[in-house]
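S.K.: So that you have it, the file is model.csv, and it contains CSV, C-alpha atoms and all ligand atoms:
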```
chain,number,residue,atom,x,y,z
A,1,MET,CA,-65.4,54.3,-65.3
A,2,ARG,CA,-63.9,56.2,-62.3
A,3,ILE,CA,-61.2,54.5,-60.2
A,4,ASP,CA,-59.8,55.8,-56.9
A,5,VAL,CA,-56.9,54.4,-55.0
A,6,ILE,CA,-56.1,55.2,-51.4
A,7,THR,CA,-52.6,54.3,-50.3
A,8,ILE,CA,-49.6,55.4,-48.2
A,9,PHE,CA,-47.4,55.0,-51.3
A,10,PRO,CA,-49.1,57.1,-54.1
A,11,ASP,CA,-45.9,56.7,-56.2
A,12,TYR,CA,-46.4,53.0,-56.3
A,13,LEU,CA,-49.4,53.6,-58.5
A,14,ALA,CA,-47.4,55.7,-61.1
A,15,PRO,CA,-47.5,52.8,-63.7
A,16,LEU,CA,-51.3,53.5,-64.0
A,17,ARG,CA,-50.4,56.5,-66.1
A,18,GLU,CA,-48.2,54.4,-68.5
A,19,ALA,CA,-49.0,52.6,-71.7
A,20,LEU,CA,-52.5,51.2,-72.2
A,21,LEU,CA,-53.9,52.6,-69.0
A,22,GLY,CA,-52.3,56.0,-69.6
A,23,LYS,CA,-53.9,56.1,-73.1
A,24,ALA,CA,-57.3,55.1,-71.6
A,25,ILE,CA,-57.0,58.1,-69.2
A,26,GLU,CA,-56.0,60.4,-72.0
A,27,ARG,CA,-59.0,59.3,-74.1
A,28,GLU,CA,-61.2,59.7,-71.0
A,29,ARG,CA,-62.3,56.1,-71.0
A,30,ILE,CA,-61.2,55.9,-67.3
A,31,ALA,CA,-60.6,58.6,-64.7
A,32,VAL,CA,-58.1,57.7,-62.0
A,33,GLY,CA,-57.6,59.4,-58.6
A,34,VAL,CA,-54.7,58.4,-56.3
A,35,HIS,CA,-55.0,59.6,-52.7
A,36,ASP,CA,-52.4,59.7,-49.9
A,37,LEU,CA,-53.9,58.2,-46.8
A,38,ARG,CA,-51.7,60.4,-44.7
A,39,ASP,CA,-53.7,63.4,-45.9
A,40,TRP,CA,-56.4,62.3,-43.4
A,41,THR,CA,-54.1,62.2,-40.4
A,42,HIS,CA,-54.2,65.0,-37.8
A,43,ASP,CA,-51.2,64.2,-35.6
A,44,VAL,CA,-47.6,65.6,-36.2
A,45,HIS,CA,-46.3,62.1,-37.0
A,46,ARG,CA,-49.0,61.5,-39.5
A,47,ALA,CA,-49.4,58.0,-38.0
A,48,VAL,CA,-51.5,55.5,-39.9
A,49,ASP,CA,-50.8,52.4,-37.8
A,50,ASP,CA,-50.8,51.1,-34.3
A,51,SER,CA,-50.0,47.8,-32.4
A,52,PRO,CA,-52.6,45.0,-32.7
A,53,TYR,CA,-55.1,44.3,-29.9
A,54,GLY,CA,-54.4,40.8,-28.6
A,55,GLY,CA,-50.7,41.1,-29.3
A,56,GLY,CA,-48.6,39.6,-32.0
A,57,PRO,CA,-46.2,40.9,-34.6
A,58,GLY,CA,-46.7,43.8,-37.0
A,59,MET,CA,-48.9,46.8,-37.0
A,60,VAL,CA,-52.6,47.4,-37.9
A,61,MET,CA,-53.8,50.4,-39.8
A,62,LYS,CA,-55.9,52.8,-37.7
A,63,PRO,CA,-59.7,52.9,-38.2
A,64,ASP,CA,-60.0,56.7,-37.5
A,65,VAL,CA,-57.7,57.6,-40.4
A,66,TRP,CA,-59.2,55.1,-42.8
A,67,GLY,CA,-62.7,56.1,-41.8
A,68,GLU,CA,-62.1,59.7,-42.7
A,69,ALA,CA,-60.3,58.8,-45.9
A,70,LEU,CA,-63.2,56.6,-47.1
A,71,ASP,CA,-65.8,59.3,-46.1
A,72,GLY,CA,-63.7,61.8,-48.2
A,73,VAL,CA,-63.3,59.6,-51.2
A,74,CYS,CA,-66.5,57.5,-51.3
A,75,GLY,CA,-68.8,60.2,-49.8
A,76,ALA,CA,-69.9,60.7,-46.2
A,77,ALA,CA,-72.3,58.4,-44.4
A,78,ASP,CA,-75.3,60.7,-44.5
A,79,SER,CA,-75.2,61.6,-48.2
A,80,ALA,CA,-77.7,60.3,-50.8
A,81,ALA,CA,-75.1,60.5,-53.6
A,82,PRO,CA,-74.1,57.4,-55.6
A,83,VAL,CA,-71.5,55.1,-53.8
A,84,PRO,CA,-68.6,53.1,-55.3
A,85,ARG,CA,-67.8,49.4,-55.0
A,86,LEU,CA,-65.1,49.3,-52.4
A,87,ILE,CA,-62.3,46.8,-53.0
A,88,VAL,CA,-59.8,45.9,-50.3
A,89,PRO,CA,-56.8,43.9,-51.6
A,90,THR,CA,-55.7,41.4,-49.0
A,91,PRO,CA,-54.1,37.9,-49.1
A,92,ALA,CA,-57.1,36.9,-46.8
A,93,GLY,CA,-59.6,37.9,-49.5
A,94,ARG,CA,-61.7,35.8,-52.0
A,95,PRO,CA,-59.7,35.0,-55.2
A,96,PHE,CA,-59.8,37.6,-57.9
A,97,ASP,CA,-60.2,36.0,-61.4
A,98,GLN,CA,-61.3,36.9,-64.9
A,99,ARG,CA,-65.0,36.6,-63.9
A,100,THR,CA,-64.4,39.2,-61.2
A,101,ALA,CA,-62.7,41.5,-63.7
A,102,ILE,CA,-65.7,41.2,-66.1
A,103,ARG,CA,-68.2,41.8,-63.3
A,104,TRP,CA,-66.3,45.0,-62.1
A,105,SER,CA,-65.9,46.3,-65.7
A,106,ALA,CA,-69.6,47.0,-65.7
A,107,GLU,CA,-69.3,49.3,-62.6
A,108,PRO,CA,-69.2,53.1,-62.9
A,109,TRP,CA,-66.9,53.6,-59.9
A,110,LEU,CA,-64.4,51.4,-58.1
A,111,VAL,CA,-62.4,52.5,-55.0
A,112,PHE,CA,-59.3,50.5,-53.9
A,113,ALA,CA,-58.3,50.7,-50.3
A,114,CYS,CA,-54.7,49.5,-50.1
A,115,GLY,CA,-53.5,48.3,-46.7
A,116,ARG,CA,-49.9,47.8,-45.6
A,117,TYR,CA,-48.6,46.2,-42.4
A,118,GLU,CA,-50.8,43.4,-41.1
A,119,GLY,CA,-54.0,44.9,-42.5
A,120,ILE,CA,-56.7,47.5,-41.8
A,121,ASP,CA,-58.8,47.4,-38.6
A,122,GLN,CA,-61.7,45.2,-39.5
A,123,ARG,CA,-64.3,47.8,-38.3
A,124,VAL,CA,-63.4,50.0,-41.2
A,125,ILE,CA,-64.5,47.4,-43.7
A,126,ASP,CA,-67.6,46.4,-41.6
A,127,ASP,CA,-68.6,50.0,-41.3
A,128,ALA,CA,-68.1,50.8,-45.0
A,129,ALA,CA,-70.2,47.7,-45.9
A,130,THR,CA,-73.3,49.2,-44.2
A,131,ARG,CA,-73.4,51.8,-47.0
A,132,MET,CA,-71.6,50.4,-50.1
A,133,PRO,CA,-70.7,47.0,-51.6
A,134,VAL,CA,-67.3,45.9,-50.3
A,135,GLU,CA,-65.1,43.0,-51.5
A,136,GLU,CA,-62.0,41.8,-49.8
A,137,VAL,CA,-60.0,40.1,-52.6
A,138,SER,CA,-56.6,38.3,-53.1
A,139,ILE,CA,-54.7,38.0,-56.4
A,140,GLY,CA,-53.2,34.7,-55.5
A,141,ASP,CA,-51.8,32.4,-52.9
A,142,TYR,CA,-48.7,34.3,-51.9
A,143,VAL,CA,-48.1,37.3,-49.7
A,144,LEU,CA,-47.2,40.8,-50.9
A,145,VAL,CA,-46.1,43.6,-48.6
A,146,GLY,CA,-49.1,45.7,-49.4
A,147,GLY,CA,-52.2,46.0,-51.6
A,148,GLU,CA,-50.7,48.5,-54.1
A,149,VAL,CA,-49.3,46.0,-56.6
A,150,ALA,CA,-52.4,43.8,-56.3
A,151,ALA,CA,-54.6,46.9,-57.0
A,152,LEU,CA,-52.5,47.6,-60.2
A,153,VAL,CA,-53.0,44.0,-61.3
A,154,MET,CA,-56.7,44.2,-60.8
A,155,ILE,CA,-57.1,47.7,-62.4
A,156,GLU,CA,-55.2,46.6,-65.5
A,157,ALA,CA,-57.4,43.4,-65.8
A,158,VAL,CA,-60.6,45.5,-65.5
A,159,ALA,CA,-59.5,48.5,-67.7
A,160,ARG,CA,-58.5,46.4,-70.7
A,161,LEU,CA,-62.1,45.1,-70.8
A,162,LEU,CA,-63.6,48.6,-71.2
A,163,PRO,CA,-64.8,49.6,-74.6
A,164,GLY,CA,-62.2,51.6,-76.5
A,165,VAL,CA,-59.3,50.7,-74.2
A,166,LEU,CA,-57.8,47.8,-76.2
A,167,GLY,CA,-56.9,48.5,-79.8
A,168,ASN,CA,-58.6,45.4,-80.9
A,169,PRO,CA,-61.7,44.4,-79.0
A,170,LEU,CA,-61.4,40.8,-80.3
A,171,SER,CA,-58.3,40.4,-78.2
A,172,ALA,CA,-60.3,40.5,-75.0
A,173,GLU,CA,-62.8,38.0,-76.4
A,174,GLN,CA,-60.1,35.6,-77.4
A,175,ASP,CA,-58.2,35.7,-74.1
A,176,SER,CA,-57.0,32.8,-72.1
A,177,PHE,CA,-59.9,32.2,-69.7
A,178,SER,CA,-62.6,33.8,-71.8
A,179,ASP,CA,-63.6,30.3,-73.0
A,180,GLY,CA,-62.4,28.6,-69.8
A,181,LEU,CA,-59.2,27.4,-71.5
A,182,LEU,CA,-55.6,28.6,-71.7
A,183,GLU,CA,-54.6,30.0,-75.1
A,184,GLY,CA,-52.3,27.9,-77.2
A,185,PRO,CA,-49.0,29.1,-78.8
A,186,CYS,CA,-48.7,31.9,-81.4
A,187,TYR,CA,-46.2,32.6,-84.2
A,188,THR,CA,-45.1,35.4,-86.5
A,189,ARG,CA,-42.5,35.8,-89.3
A,190,PRO,CA,-40.0,34.5,-90.2
A,191,GLU,CA,-41.3,31.2,-91.3
A,192,VAL,CA,-38.2,29.4,-90.0
A,193,TRP,CA,-36.2,30.8,-87.1
A,194,ARG,CA,-33.1,29.1,-85.7
A,195,GLY,CA,-34.2,26.0,-87.5
A,196,ARG,CA,-37.7,26.0,-86.0
A,197,ALA,CA,-40.5,26.2,-88.5
A,198,VAL,CA,-44.0,27.6,-87.9
A,199,PRO,CA,-46.6,24.8,-87.8
A,200,ASP,CA,-47.7,24.0,-91.4
A,201,VAL,CA,-51.4,24.3,-90.6
A,202,LEU,CA,-51.1,28.0,-89.7
A,203,ARG,CA,-49.8,28.7,-93.3
A,204,SER,CA,-52.4,26.4,-95.0
A,205,GLY,CA,-55.1,29.1,-95.4
A,206,ASN,CA,-57.6,26.4,-94.3
A,207,HIS,CA,-59.4,28.4,-91.6
A,208,ALA,CA,-61.5,25.5,-90.3
A,209,ALA,CA,-58.3,23.4,-89.9
A,210,ILE,CA,-56.6,26.4,-88.2
A,211,ASP,CA,-59.5,26.8,-85.7
A,212,ARG,CA,-59.5,23.1,-85.0
A,213,TRP,CA,-55.7,23.1,-84.4
A,214,ARG,CA,-55.9,26.1,-82.1
A,215,ARG,CA,-58.7,24.5,-80.1
A,216,ASP,CA,-56.6,21.3,-79.8
A,217,GLN,CA,-53.6,23.2,-78.7
A,218,ALA,CA,-55.6,25.1,-76.1
A,219,LEU,CA,-57.1,21.8,-74.8
A,220,ALA,CA,-53.7,20.1,-74.6
A,221,ARG,CA,-52.1,23.1,-72.8
A,222,THR,CA,-54.9,23.4,-70.3
A,223,TYR,CA,-54.8,19.6,-69.6
A,224,GLN,CA,-51.0,19.8,-69.0
A,225,ARG,CA,-50.8,23.1,-67.0
A,226,ARG,CA,-54.2,23.7,-65.5
A,227,PRO,CA,-56.2,20.5,-65.2
A,228,ASP,CA,-58.3,22.3,-62.6
A,229,LEU,CA,-59.7,24.5,-65.3
A,230,LEU,CA,-60.9,21.5,-67.4
A,231,ALA,CA,-62.8,20.2,-64.4
A,232,GLU,CA,-64.6,23.5,-64.0
A,233,LEU,CA,-65.8,23.8,-67.6
A,234,PRO,CA,-69.6,24.0,-67.8
A,235,GLU,CA,-71.4,20.9,-69.1
A,236,GLY,CA,-71.5,20.9,-72.9
A,237,THR,CA,-68.4,23.1,-73.4
A,238,LEU,CA,-66.4,20.3,-74.9
A,239,ASN,CA,-67.8,18.9,-78.2
A,240,LYS,CA,-67.2,15.5,-79.7
A,241,ALA,CA,-64.1,16.6,-81.6
A,242,ASP,CA,-62.7,18.2,-78.4
A,243,ARG,CA,-63.2,15.0,-76.4
A,244,ALA,CA,-61.4,13.0,-79.1
A,245,GLN,CA,-58.2,14.9,-78.1
B,1,LIG,CL1,-54.6,41.5,-52.7
B,1,LIG,N1,-52.6,41.8,-51.0
B,1,LIG,C1,-51.4,41.4,-50.4
B,1,LIG,N2,-50.8,42.2,-49.5
B,1,LIG,N3,-50.9,40.3,-50.6
B,1,LIG,C2,-51.5,39.5,-51.5
B,1,LIG,C3,-52.6,39.9,-52.2
B,1,LIG,C4,-53.2,41.1,-51.9
B,1,LIG,N4,-53.0,38.9,-53.0
B,1,LIG,C5,-52.1,38.0,-52.9
B,1,LIG,N5,-51.2,38.3,-52.0
```
Mind converting the file's structure to structure tokens?
M.R.:
Amino acid sequence: MRIDVITIFPDYLAPLREALLGKAIERERIAVGVHDLRDWTHDVHRAVDDSPYGGGPGMVMKPDVWGEALDGVCGAADSAAPVPRLIVPTPAGRPFDQRTAIRWSAEPWLVFACGRYEGIDQRVIDDAATRMPVEEVSIGDYVLVGGEVAALVMIEAVARLLPGVLGNPLSAEQDSFSDGLLEGPCYTRPEVWRGRAVPDVLRSGNHAAIDRWRRDQALARTYQRRPDLLAELPEGTLNKADRAQ
């Protein structure tokens, strides 16, 4: 998969080169390009924003600069070359979730357009949408100062789903959310720590009992912390033993 990010703060994306993602780049499972939006300005001030039509606080990112940047990174309007899926992080977007991450993980090419200030002139997004799939997405109900951190979040969520990125492919399959439930608690040695013992069942060697216990813990935790997820489970997800909980 190829991932490009356009931003006025390229250094904000430095964590992409660390840890799991850095390894994935080294192993060529993903290729990442980070681009400075100001490279597409032509004025001495390298201005990327201007005051909003209609008045109000803050600044809006200029369409001419963004238009050229997207032509440069995604390919010009008249080309027959493949196009990326364009992702615009914004608190006004549709919610990003694990399903979104799974869907994007099948794409060959993602481009993230990170806005700052009050946002990007809407015509940039509407124009791009005439030649490539575009999604405006939010990572949650709170406001960040720009799309960079949100892009990092989404890129990490997508990249760990790619083959050969996670050490153990089963970890992705057993995630919280992969079965619609939160994951229950986990334990490692020592058996007793500060007077707290690991639950007996996990040391029983009875794998059916362990599976049942983990399932019950996941159900209880989801009921307590995210009852909204239980309501969303597809019909037939909960079996008789689950419902007995
Ligand atoms: Cl994607 N961007 C910004 N600026 N703030 C956010 C967000 C995105 N998601 C939640 N808050």
S.K.: Please return as an mmCIF file with C-alpha atoms, keeping the file's coordinate frame the residues found within 9 Å of ligand LIG 1 (chain B), counting all atoms listed in the file.
M.R.:
```cif
data_model
loop_
_atom_site.group_PDB
_atom_site.id
_atom_site.type_symbol
_atom_site.label_atom_id
_atom_site.label_comp_id
_atom_site.auth_asym_id
_atom_site.auth_seq_id
_atom_site.Cartn_x
_atom_site.Cartn_y
_atom_site.Cartn_z
ATOM 1 C CA VAL A 88 -59.800 45.900 -50.300
ATOM 2 C CA PRO A 89 -56.800 43.900 -51.600
ATOM 3 C CA THR A 90 -55.700 41.400 -49.000
ATOM 4 C CA PRO A 91 -54.100 37.900 -49.100
ATOM 5 C CA ALA A 92 -57.100 36.900 -46.800
ATOM 6 C CA GLY A 93 -59.600 37.900 -49.500
ATOM 7 C CA PRO A 95 -59.700 35.000 -55.200
ATOM 8 C CA PHE A 96 -59.800 37.600 -57.900
ATOM 9 C CA CYS A 114 -54.700 49.500 -50.100
ATOM 10 C CA GLY A 115 -53.500 48.300 -46.700
ATOM 11 C CA ARG A 116 -49.900 47.800 -45.600
ATOM 12 C CA TYR A 117 -48.600 46.200 -42.400
ATOM 13 C CA GLU A 118 -50.800 43.400 -41.100
ATOM 14 C CA GLY A 119 -54.000 44.900 -42.500
ATOM 15 C CA GLU A 136 -62.000 41.800 -49.800
ATOM 16 C CA VAL A 137 -60.000 40.100 -52.600
ATOM 17 C CA SER A 138 -56.600 38.300 -53.100
ATOM 18 C CA ILE A 139 -54.700 38.000 -56.400
ATOM 19 C CA GLY A 140 -53.200 34.700 -55.500
ATOM 20 C CA ASP A 141 -51.800 32.400 -52.900
ATOM 21 C CA TYR A 142 -48.700 34.300 -51.900
ATOM 22 C CA VAL A 143 -48.100 37.300 -49.700
ATOM 23 C CA LEU A 144 -47.200 40.800 -50.900
ATOM 24 C CA VAL A 145 -46.100 43.600 -48.600
ATOM 25 C CA GLY A 146 -49.100 45.700 -49.400
ATOM 26 C CA GLY A 147 -52.200 46.000 -51.600
ATOM 27 C CA GLU A 148 -50.700 48.500 -54.100
ATOM 28 C CA VAL A 149 -49.300 46.000 -56.600
ATOM 29 C CA ALA A 150 -52.400 43.800 -56.300
ATOM 30 C CA ALA A 151 -54.600 46.900 -57.000
ATOM 31 C CA MET A 154 -56.700 44.200 -60.800
#
```
S.K.: Taking (-53.6, 30.8, -76.5) in the file's coordinates as the center, which residues reach within 9 Å of it, counting all atoms listed in the file, put as a list in words?
M.R.: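 Output: Gln174, Asp175, Ser176, Leu181, Leu182, Glu183, Gly184, Pro185, Cys186, Arg214, Arg215, Gln217, Ala218 and Arg221 of chain A.
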S.K.: Write out as a tab-separated table a residue-level contact list of region 3-50 of chain A versus region 98-106 of chain A with cut-off 12 Å: for each qualifying residue the closest pair of atoms and the distance in Å to one decimal, counting all atoms listed in the file, rows sorted by chain and residue number upward.
M.R.:
```
residue	atom	partner	partner_atom	distance
A:Ile3	CA	A:Ser105	CA	10.9
A:Arg29	CA	A:Ser105	CA	11.7
A:Ile30	CA	A:Ser105	CA	10.8
```
S.K.: List the spatial neighbours of region 55-71 of chain A as number ranges by chain - criterion: any atom at most 9 Å away, all atoms listed in the file, same-chain residues fewer than 5 positions off excluded.
M.R.: A: 6, 35-42, 47-50, 76-77, 111, 113, 115-124, 127-128
S.K.: Could the centre and edge lengths of an axis-aligned box, enclosing all atoms of region 105-120 of chain A in the file with 6 Å extra on each side, be given in Å to one decimal as JSON?
M.R.:
```
{"center_x": -59.1, "center_y": 48.5, "center_z": -53.4, "size_x": 33.0, "size_y": 22.2, "size_z": 36.6}
```
S.K.: Just the number, please: distance in Å from CA of Ala157 (chain A) to CA of Pro82 (chain A), one decimal.
M.R.: 24.1 Å
